$ cat final_2.txt   # compact mmCIF, C-alpha atoms
# COMPACT_ATOMS: atom_id res chain seq x y z
CA MET A 7 113.46 135.73 109.40
CA LYS A 8 113.17 139.10 107.62
CA LYS A 9 110.75 139.32 104.72
CA LEU A 10 111.38 141.23 101.49
CA LEU A 11 108.88 141.96 98.71
CA ILE A 12 110.23 142.75 95.23
CA ILE A 13 107.72 144.38 92.87
CA ARG A 14 108.13 144.19 89.09
CA PHE A 15 105.16 144.02 86.74
CA SER A 16 105.41 145.18 83.09
CA ALA A 17 106.53 143.06 80.13
CA LEU A 18 108.08 139.60 80.35
CA GLY A 19 111.52 140.81 79.25
CA ASP A 20 111.67 143.38 82.05
CA ILE A 21 110.62 140.78 84.59
CA ALA A 22 113.18 138.30 83.23
CA MET A 23 115.94 140.82 83.91
CA THR A 24 115.23 140.61 87.64
CA VAL A 25 116.01 136.87 87.67
CA PRO A 26 119.83 137.00 87.92
CA VAL A 27 119.65 139.59 90.70
CA VAL A 28 116.96 137.74 92.65
CA HIS A 29 118.83 134.45 92.30
CA ASP A 30 122.06 135.99 93.64
CA LEU A 31 120.15 137.71 96.45
CA ALA A 32 118.59 134.42 97.51
CA MET A 33 121.90 132.57 97.44
CA GLN A 34 123.83 135.25 99.31
CA TYR A 35 121.13 135.84 101.98
CA PRO A 36 119.62 132.39 102.69
CA ASP A 37 117.92 133.68 105.85
CA LEU A 38 116.00 136.33 103.91
CA ASP A 39 112.46 135.35 102.86
CA ILE A 40 111.89 136.81 99.37
CA THR A 41 108.61 137.19 97.50
CA ILE A 42 108.30 138.43 93.92
CA LEU A 43 105.13 140.39 93.20
CA SER A 44 104.63 140.16 89.46
CA ARG A 45 102.32 138.89 86.73
CA GLU A 46 101.25 135.26 86.83
CA MET A 47 102.80 134.64 83.41
CA ALA A 48 106.25 135.12 84.96
CA ARG A 49 105.89 132.28 87.49
CA PRO A 50 108.05 129.76 85.55
CA LEU A 51 111.00 132.19 85.74
CA PHE A 52 111.12 131.89 89.52
CA GLU A 53 110.03 128.32 90.21
CA GLY A 54 113.59 127.03 89.84
CA MET A 55 114.89 129.49 92.42
CA PRO A 56 116.31 128.66 95.88
CA SER A 57 113.68 127.70 98.46
CA ASN A 58 113.62 131.15 100.08
CA VAL A 59 112.12 132.69 96.90
CA HIS A 60 108.36 132.75 96.30
CA ILE A 61 106.14 134.46 93.75
CA PHE A 62 102.74 136.06 94.04
CA GLY A 63 100.97 136.46 90.70
CA ALA A 64 98.86 139.62 90.50
CA ASP A 65 95.71 139.72 88.37
CA LEU A 66 96.08 143.29 87.11
CA LYS A 67 93.30 142.96 84.52
CA GLY A 68 90.81 141.41 86.92
CA ARG A 69 90.76 141.17 90.69
CA HIS A 70 93.64 143.59 91.19
CA LYS A 71 92.63 146.21 88.60
CA GLY A 72 92.17 149.85 89.63
CA LEU A 73 92.31 151.41 93.09
CA ILE A 74 89.96 148.89 94.65
CA GLY A 75 92.02 146.15 93.04
CA LEU A 76 95.19 147.56 94.59
CA CYS A 77 93.53 147.43 98.00
CA ARG A 78 92.71 143.78 97.34
CA LEU A 79 96.27 143.16 96.14
CA TRP A 80 97.66 144.62 99.37
CA CYS A 81 95.55 142.20 101.37
CA ASP A 82 95.90 139.18 99.06
CA ALA A 83 99.70 139.44 99.02
CA HIS A 84 99.81 140.05 102.79
CA MET A 85 101.98 143.09 102.17
CA SER A 86 101.65 144.21 105.80
CA ASP A 87 103.80 141.20 106.76
CA PHE A 88 106.89 142.39 104.87
CA ASP A 89 109.78 144.25 106.47
CA TYR A 90 111.14 145.62 103.18
CA ILE A 91 109.51 146.70 99.92
CA ALA A 92 111.72 146.93 96.80
CA ASP A 93 109.92 148.74 93.98
CA CYS A 94 111.75 147.70 90.81
CA HIS A 95 109.11 149.23 88.53
CA ASP A 96 108.19 152.75 89.78
CA VAL A 97 104.86 153.43 88.08
CA LEU A 98 101.62 154.89 89.45
CA ARG A 99 100.43 151.48 90.66
CA THR A 100 103.62 150.77 92.60
CA HIS A 101 103.75 154.37 93.89
CA TRP A 102 100.45 153.70 95.67
CA LEU A 103 101.77 150.44 97.11
CA ARG A 104 104.91 152.21 98.33
CA ALA A 105 102.83 154.93 100.00
CA GLU A 106 100.78 152.32 101.82
CA ALA A 107 103.97 150.60 102.96
CA ARG A 108 105.44 153.84 104.32
CA LEU A 109 102.26 154.54 106.26
CA ARG A 110 102.90 151.21 108.00
CA CYS A 111 106.55 152.12 108.69
CA LYS A 112 108.01 149.63 106.22
CA LYS A 113 111.46 150.27 104.76
CA VAL A 114 110.95 151.11 101.08
CA ALA A 115 113.27 151.70 98.12
CA LYS A 116 112.51 152.36 94.45
CA ILE A 117 114.41 152.02 91.19
CA ASP A 118 116.20 154.90 89.51
CA LYS A 119 115.33 154.44 85.84
CA GLY A 120 118.01 156.87 84.63
CA ARG A 121 115.59 158.82 82.47
CA ARG A 122 117.95 161.74 81.88
CA GLY A 123 120.75 159.58 80.49
CA LYS A 124 118.36 157.57 78.32
CA LYS A 125 116.79 160.75 76.98
CA ALA A 126 120.23 162.03 75.94
CA LEU A 127 120.87 158.71 74.22
CA THR A 128 117.57 158.66 72.28
CA ARG A 129 116.99 162.33 71.40
CA GLN A 130 116.99 163.38 67.74
CA ASN A 131 119.99 165.71 67.84
CA ASN A 132 123.28 165.65 69.75
CA LYS A 133 122.89 162.12 71.00
CA VAL A 134 125.20 161.20 73.86
CA PHE A 135 126.41 157.64 73.23
CA THR A 136 127.29 156.72 76.79
CA GLN A 137 126.69 153.29 78.29
CA GLN A 138 123.85 153.59 80.79
CA ALA A 139 123.60 151.46 83.91
CA THR A 140 122.05 148.10 83.06
CA SER A 141 118.68 147.05 84.40
CA PHE A 142 120.52 144.39 86.41
CA GLU A 143 122.60 147.10 88.07
CA ARG A 144 119.55 149.27 88.71
CA TYR A 145 117.67 146.37 90.34
CA ALA A 146 120.69 145.55 92.49
CA LYS A 147 120.93 149.19 93.57
CA VAL A 148 117.38 149.05 94.95
CA LEU A 149 118.32 146.06 97.11
CA GLU A 150 121.49 147.80 98.24
CA LYS A 151 119.41 150.74 99.48
CA LEU A 152 117.51 148.28 101.67
CA GLY A 153 120.73 146.91 103.16
CA TYR A 154 121.21 143.90 100.87
CA PRO A 155 124.08 144.50 98.43
CA VAL A 156 124.39 141.72 95.85
CA LYS A 157 127.47 140.38 94.07
CA PRO A 158 126.74 139.28 90.46
CA ASN A 159 127.46 135.52 90.37
CA PHE A 160 124.49 134.20 88.37
CA VAL A 161 125.33 131.79 85.54
CA LYS A 162 122.10 130.25 84.24
CA LEU A 163 118.88 128.44 85.14
CA ASP A 164 118.34 124.75 84.45
CA TYR A 165 115.09 123.69 82.77
CA SER A 166 116.37 120.36 81.47
CA SER A 167 113.60 118.47 83.29
CA PHE A 168 111.13 120.07 80.85
CA CYS A 169 112.95 118.92 77.69
CA GLU A 170 110.66 117.17 75.20
CA THR A 171 113.36 116.49 72.58
CA GLN A 172 117.10 116.00 72.86
CA LYS A 173 119.59 117.42 70.38
CA ALA A 174 122.09 114.96 68.87
CA PRO A 175 125.79 115.94 69.05
CA SER A 176 125.98 116.19 65.25
CA GLU A 177 123.04 118.61 65.00
CA THR A 178 122.97 122.40 65.04
CA TRP A 179 119.92 124.02 66.58
CA ILE A 180 119.25 127.69 65.97
CA GLY A 181 116.41 129.66 67.52
CA ILE A 182 114.88 132.66 65.78
CA ALA A 183 112.52 135.09 67.52
CA PRO A 184 111.58 137.50 64.69
CA PHE A 185 108.91 139.47 66.55
CA ALA A 186 108.77 142.34 69.04
CA LYS A 187 106.11 144.58 70.55
CA HIS A 188 107.27 147.80 68.86
CA GLU A 189 107.60 148.18 65.09
CA ALA A 190 110.98 149.91 65.42
CA LYS A 191 112.33 146.72 67.00
CA VAL A 192 111.20 144.33 64.25
CA TYR A 193 113.48 143.30 61.40
CA PRO A 194 111.49 143.19 58.10
CA MET A 195 110.04 139.73 57.59
CA GLU A 196 111.04 139.53 53.92
CA LYS A 197 114.67 140.06 54.95
CA MET A 198 114.37 137.69 57.89
CA GLU A 199 113.03 135.06 55.52
CA GLN A 200 116.25 135.36 53.50
CA VAL A 201 118.16 134.51 56.68
CA ILE A 202 115.84 131.58 57.35
CA LYS A 203 116.12 130.30 53.77
CA THR A 204 119.93 130.33 53.88
CA MET A 205 120.14 128.60 57.26
CA ASP A 206 117.48 126.06 56.23
CA GLU A 207 119.79 124.86 53.45
CA ARG A 208 122.62 123.99 55.84
CA GLU A 209 123.15 120.29 56.66
CA ASN A 210 122.12 118.94 60.07
CA THR A 211 120.58 122.28 60.99
CA THR A 212 117.15 122.82 62.52
CA LEU A 213 115.60 126.25 63.02
CA PHE A 214 113.07 126.85 65.81
CA LEU A 215 110.82 129.90 65.47
CA PHE A 216 109.53 131.57 68.65
CA GLY A 217 106.37 133.68 68.81
CA GLY A 218 103.20 133.72 70.88
CA GLY A 219 100.52 135.93 69.33
CA GLU A 220 97.94 134.61 66.89
CA GLU A 221 99.37 136.58 63.94
CA GLU A 222 102.87 135.46 64.91
CA LYS A 223 101.76 131.82 65.01
CA ARG A 224 100.18 132.22 61.57
CA GLN A 225 103.41 133.55 60.07
CA ILE A 226 105.43 130.83 61.78
CA ALA A 227 103.10 128.14 60.38
CA GLU A 228 103.60 129.52 56.86
CA LEU A 229 107.38 129.43 57.22
CA CYS A 230 107.31 125.90 58.64
CA ALA A 231 105.27 124.74 55.65
CA LYS A 232 107.71 126.40 53.25
CA TYR A 233 111.04 125.28 54.71
CA PRO A 234 111.61 121.63 55.72
CA ASN A 235 114.08 122.28 58.54
CA VAL A 236 112.04 124.98 60.24
CA LYS A 237 109.87 124.14 63.26
CA ALA A 238 107.59 126.08 65.59
CA ALA A 239 108.97 126.34 69.11
CA GLN A 240 105.89 125.07 70.90
CA SER A 241 105.83 123.10 74.13
CA GLN A 242 103.18 121.35 76.19
CA HIS A 243 105.02 122.78 79.22
CA GLY A 244 104.47 126.37 78.11
CA LEU A 245 107.16 128.90 79.00
CA ALA A 246 109.20 126.35 80.99
CA GLY A 247 109.29 124.07 77.94
CA GLU A 248 110.40 126.91 75.68
CA LEU A 249 113.18 127.76 78.13
CA ALA A 250 114.25 124.09 78.10
CA LEU A 251 114.46 124.24 74.29
CA MET A 252 116.37 127.53 74.39
CA GLY A 253 118.88 125.91 76.70
CA GLN A 254 119.79 123.40 73.96
CA LEU A 255 120.23 125.95 71.17
CA ASP A 256 123.64 126.68 69.70
CA VAL A 257 122.57 130.28 69.19
CA MET A 258 119.41 132.40 69.35
CA LEU A 259 118.64 135.20 66.88
CA SER A 260 116.36 137.75 68.49
CA MET A 261 115.21 141.33 68.38
CA ASP A 262 115.63 143.55 71.45
CA SER A 263 112.77 141.60 73.02
CA ALA A 264 111.79 139.19 75.78
CA ASN A 265 113.24 136.19 73.96
CA MET A 266 116.72 137.73 74.11
CA HIS A 267 116.42 137.81 77.91
CA LEU A 268 114.85 134.36 78.19
CA ALA A 269 117.64 132.76 76.15
CA SER A 270 120.19 134.62 78.26
CA LEU A 271 118.75 133.11 81.45
CA VAL A 272 119.54 129.59 80.23
CA GLY A 273 123.06 130.51 79.12
CA THR A 274 122.50 130.55 75.35
CA ARG A 275 124.42 132.90 73.10
CA VAL A 276 122.16 135.52 71.49
CA VAL A 277 122.74 137.43 68.28
CA SER A 278 120.47 140.43 68.76
CA ILE A 279 119.15 142.96 66.23
CA TRP A 280 118.58 146.50 67.50
CA GLY A 281 116.52 148.96 65.48
CA GLY A 282 115.04 151.91 67.37
CA THR A 283 116.88 150.96 70.56
CA HIS A 284 120.54 150.44 71.47
CA PRO A 285 122.48 148.21 73.91
CA TYR A 286 123.81 151.38 75.54
CA ALA A 287 120.35 151.93 77.06
CA GLY A 288 121.13 149.10 79.47
CA PHE A 289 118.82 146.38 78.18
CA LEU A 290 121.30 143.88 76.74
CA GLY A 291 120.69 140.29 77.88
CA TRP A 292 122.57 138.83 80.84
CA ASN A 293 126.20 137.97 79.97
CA GLN A 294 125.62 138.69 76.27
CA LYS A 295 128.46 140.21 74.24
CA PRO A 296 128.13 143.65 72.65
CA SER A 297 129.96 142.17 69.64
CA ASP A 298 126.90 139.96 69.02
CA CYS A 299 124.67 143.04 68.67
CA ILE A 300 123.70 144.40 65.26
CA GLN A 301 122.47 148.00 65.16
CA LEU A 302 122.66 151.23 63.19
CA SER A 303 120.92 153.92 65.30
CA VAL A 304 118.83 154.62 68.40
CA TYR A 305 115.47 156.35 68.84
CA GLY A 306 113.88 154.58 71.80
CA ASN A 307 110.24 153.57 71.38
CA LYS A 308 109.30 156.78 69.57
CA PRO A 309 107.74 156.74 66.07
CA CYS A 310 110.33 156.57 63.30
CA LEU A 311 111.48 160.12 62.53
CA ARG A 312 112.21 159.25 58.88
CA GLY A 313 109.14 157.10 58.38
CA ASP A 314 111.03 154.31 56.62
CA TYR A 315 112.59 152.45 59.59
CA ALA A 316 116.02 152.66 57.98
CA CYS A 317 117.47 151.53 61.32
CA MET A 318 116.14 148.06 60.45
CA ASN A 319 115.78 148.11 56.67
CA SER A 320 119.42 149.06 56.17
CA ILE A 321 120.68 145.93 57.93
CA ALA A 322 121.53 143.34 55.27
CA PRO A 323 120.68 139.65 55.83
CA SER A 324 124.33 138.88 55.11
CA GLN A 325 125.34 140.84 58.23
CA ILE A 326 123.07 138.67 60.34
CA LEU A 327 124.24 135.44 58.71
CA GLU A 328 127.84 136.39 59.31
CA LYS A 329 127.18 136.85 63.04
CA LEU A 330 125.16 133.63 63.31
CA LEU A 331 127.89 131.56 61.72
CA GLN A 332 130.65 132.89 63.93
CA PRO A 333 131.81 130.37 66.55
$ encode --input "final_2.txt" --output "structure tokens"
Amino acid sequence: MKKLLIIRFSALGDIAMTVPVVHDLAMQYPDLDITILSREMARPLFEGMPSNVHIFGADLKGRHKGLIGLCRLWCDAHMSDFDYIADCHDVLRTHWLRAEARLRCKKVAKIDKGRRGKKALTRQNNKVFTQQATSFERYAKVLEKLGYPVKPNFVKLDYSSFCETQKAPSETWIGIAPFAKHEAKVYPMEKMEQVIKTMDERENTTLFLFGGGEEEKRQIAELCAKYPNVKAAQSQHGLAGELALMGQLDVMLSMDSANMHLASLVGTRVVSIWGGTHPYAGFLGWNQKPSDCIQLSVYGNKPCLRGDYACMNSIAPSQILEKLLQP
């Protein structure tokens, strides 16, 4: 049995975008032994995979930090045992791992991030609004280079065994993930609260707020105390439990963030708000509709050129409510 290692560290949303491709790869090549080299936090994303998929969680802030840590990682992950190395990240850390693999005559392929096209899309003047290849397509291209072309057949993952509550047929459950890592991706909280207030007043409707940081949890607690039909999306099963909850939602409202991709993996419709980024950059969630995207402009992750984040502030709560209430 041939052995393939797929490397993708980075943020949870980027890792989540490998899931459909890895799932299809595993289903279409059952005799291929596949290991995902990623962060430990991503383990729940791959535990429901076919039996020929495994995950190795790297400790990039501890045991596997720095050059000595990379040497340990090579040994700990038994990377010498793999026939193929698919670098779906292409950063300095993975460049070193690729070099080591080539020295041992392994077949190696890396991702093409499409930097030129994305730069044309995000530059200040003369933007070129052309749809870039999606991350899913870029990941699949890496596998194709190694001799494993993949047909996109993925539908969704099933986390129903982690459900802690069950939605009644008469209820409407809406998820809201109002946070993101970059300021240009975050819809102003005072405007988001107007959306929450309006939806809270609807009959048989429960809103679940998603957020993990301490400051995010504090803001969520304040909103839960203020609005009777708003709850914090917390689970004793961690990420798997949150995915189980997302799978029961009627719709998720999210920024261009990890929660958009997580909800997509369980087949939930996502209304997404795009501030400094744009769906054309290739980061829209799996099987999500461009018509469910709300955006005004695109700057990438650069500081706001105007200083007022008009790309977010100019979006009215009514625009978001209109999208949410569409069937």
$ residues_around --input "final_2.txt" --residues "His95 in chain A" --least-positions-apart "3" --cutoff "10 Å" --atoms "all atoms listed in the file" --output "ChimeraX atom specification"
/A:12-16,20-21,92,98-101,116-119,145
$ closest_residue --input "final_2.txt" --among "A:Pro333, A:Gly153, A:Gly244, A:Gly253" --to "Gly218 in chain A" --atoms "all atoms listed in the file"
A:Gly244
$ residues_around --input "final_2.txt" --residues "Lys112 in chain A" --least-positions-apart "6" --cutoff "10 Å" --atoms "only C-alpha atoms" --output "PyMOL selection string"
chain A and resi 85-91+104-106
$ atom_distance --input "final_2.txt" --atom1 "CA of Ser57 in chain A" --atom2 "CA of Leu10 in chain A"
14.1 Å
$ residues_around --input "final_2.txt" --residues "range 63-69 of chain A" --least-positions-apart "4" --cutoff "6 Å" --atoms "all atoms listed in the file" --output "JSON, numbers by chain"
{"A": [44, 45, 46, 75]}
$ atom_distance --input "final_2.txt" --atom1 "CA of Thr211 in chain A" --atom2 "CA of Ile226 in chain A"
17.4 Å
$ atom_distance --input "final_2.txt" --atom1 "CA of Leu152 in chain A" --atom2 "CA of His70 in chain A"
26.5 Å
$ residues_near_point --input "final_2.txt" --point "(118.2, 138.0, 62.7)" --cutoff "10 Å" --atoms "only C-alpha atoms" --output "ChimeraX atom specification"
/A:181-184,192-195,197-202,258-261,276-280,300,321-327,329-330
$ closest_residue --input "final_2.txt" --among "A:Met33, A:Val161, A:Leu43, A:Cys94" --to "Ser270 in chain A" --atoms "all atoms listed in the file"
A:Val161
$ closest_residue --input "final_2.txt" --among "A:Ala48, A:Val97, A:Cys81, A:Leu331" --to "Trp179 in chain A" --atoms "all atoms listed in the file"
A:Leu331
$ residues_near_point --input "final_2.txt" --point "(109.4, 139.6, 79.4)" --cutoff "9 Å" --atoms "all atoms listed in the file" --output "number ranges by chain"
A: 16-23, 48, 263-265, 267-268
$ residues_around --input "final_2.txt" --residues "Tyr154 in chain A" --least-positions-apart "4" --cutoff "8 Å" --atoms "only C-alpha atoms" --output "list in words"
Leu31, Leu149 and Glu150 of chain A
$ build_atoms --input "final_2.txt" --residues "range 63-74 of chain A" --atoms "all heavy atoms" --output "CSV table (one decimal), in the coordinates of the input"
chain,number,residue,atom,x,y,z
A,63,GLY,N,101.4,136.0,92.0
A,63,GLY,CA,101.0,136.5,90.7
A,63,GLY,C,99.8,137.4,90.8
A,63,GLY,O,98.7,137.0,91.3
A,64,ALA,N,99.9,138.6,90.4
A,64,ALA,CA,98.9,139.6,90.5
A,64,ALA,C,98.0,139.5,89.3
A,64,ALA,O,98.5,139.3,88.2
A,64,ALA,CB,99.4,141.0,90.6
A,65,ASP,N,96.7,139.7,89.5
A,65,ASP,CA,95.7,139.7,88.4
A,65,ASP,C,95.4,141.2,88.1
A,65,ASP,O,94.3,141.7,88.5
A,65,ASP,CB,94.5,138.9,88.8
A,65,ASP,CG,93.4,138.9,87.7
A,65,ASP,OD1,93.7,139.3,86.5
A,65,ASP,OD2,92.3,138.5,88.0
A,66,LEU,N,96.2,141.9,87.3
A,66,LEU,CA,96.1,143.3,87.1
A,66,LEU,C,95.0,143.7,86.1
A,66,LEU,O,94.6,144.8,86.0
A,66,LEU,CB,97.4,143.9,86.6
A,66,LEU,CG,98.6,143.7,87.5
A,66,LEU,CD1,99.9,144.3,86.9
A,66,LEU,CD2,98.3,144.3,88.9
A,67,LYS,N,94.4,142.7,85.4
A,67,LYS,CA,93.3,143.0,84.5
A,67,LYS,C,92.0,142.5,85.1
A,67,LYS,O,90.9,142.7,84.5
A,67,LYS,CB,93.5,142.3,83.2
A,67,LYS,CG,94.7,142.8,82.4
A,67,LYS,CD,94.9,142.2,81.0
A,67,LYS,CE,96.0,142.8,80.3
A,67,LYS,NZ,96.2,142.2,78.9
A,68,GLY,N,92.0,141.9,86.3
A,68,GLY,CA,90.8,141.4,86.9
A,68,GLY,C,90.7,141.8,88.4
A,68,GLY,O,90.4,143.0,88.7
A,69,ARG,N,91.0,140.9,89.3
A,69,ARG,CA,90.8,141.2,90.7
A,69,ARG,C,91.6,142.3,91.2
A,69,ARG,O,91.1,143.1,92.1
A,69,ARG,CB,91.1,139.9,91.5
A,69,ARG,CG,91.0,140.1,93.0
A,69,ARG,CD,91.1,138.8,93.7
A,69,ARG,NE,91.2,139.0,95.2
A,69,ARG,CZ,90.1,139.2,95.9
A,69,ARG,NH1,88.9,139.3,95.4
A,69,ARG,NH2,90.2,139.4,97.2
A,70,HIS,N,92.8,142.6,90.7
A,70,HIS,CA,93.6,143.6,91.2
A,70,HIS,C,93.7,144.8,90.3
A,70,HIS,O,94.7,145.6,90.3
A,70,HIS,CB,95.0,143.0,91.4
A,70,HIS,CG,95.0,141.8,92.3
A,70,HIS,ND1,95.7,140.6,92.0
A,70,HIS,CD2,94.4,141.6,93.5
A,70,HIS,CE1,95.5,139.8,93.0
A,70,HIS,NE2,94.8,140.3,93.9
A,71,LYS,N,92.7,145.1,89.5
A,71,LYS,CA,92.6,146.2,88.6
A,71,LYS,C,92.1,147.4,89.3
A,71,LYS,O,91.1,147.3,90.1
A,71,LYS,CB,91.8,145.9,87.4
A,71,LYS,CG,91.7,147.0,86.4
A,71,LYS,CD,90.8,146.6,85.2
A,71,LYS,CE,90.6,147.7,84.2
A,71,LYS,NZ,89.8,147.3,83.1
A,72,GLY,N,92.7,148.6,89.1
A,72,GLY,CA,92.2,149.8,89.6
A,72,GLY,C,92.5,150.0,91.1
A,72,GLY,O,93.2,149.2,91.7
A,73,LEU,N,92.0,151.1,91.7
A,73,LEU,CA,92.3,151.4,93.1
A,73,LEU,C,91.8,150.4,94.0
A,73,LEU,O,92.5,149.9,95.0
A,73,LEU,CB,91.8,152.8,93.4
A,73,LEU,CG,92.0,153.3,94.9
A,73,LEU,CD1,93.5,153.3,95.1
A,73,LEU,CD2,91.4,154.7,95.1
A,74,ILE,N,90.5,149.9,93.8
A,74,ILE,CA,90.0,148.9,94.6
A,74,ILE,C,90.8,147.6,94.5
A,74,ILE,O,91.0,146.9,95.5
A,74,ILE,CB,88.5,148.6,94.3
A,74,ILE,CG1,87.6,149.9,94.6
A,74,ILE,CG2,87.9,147.4,95.0
A,74,ILE,CD1,86.2,149.8,94.2
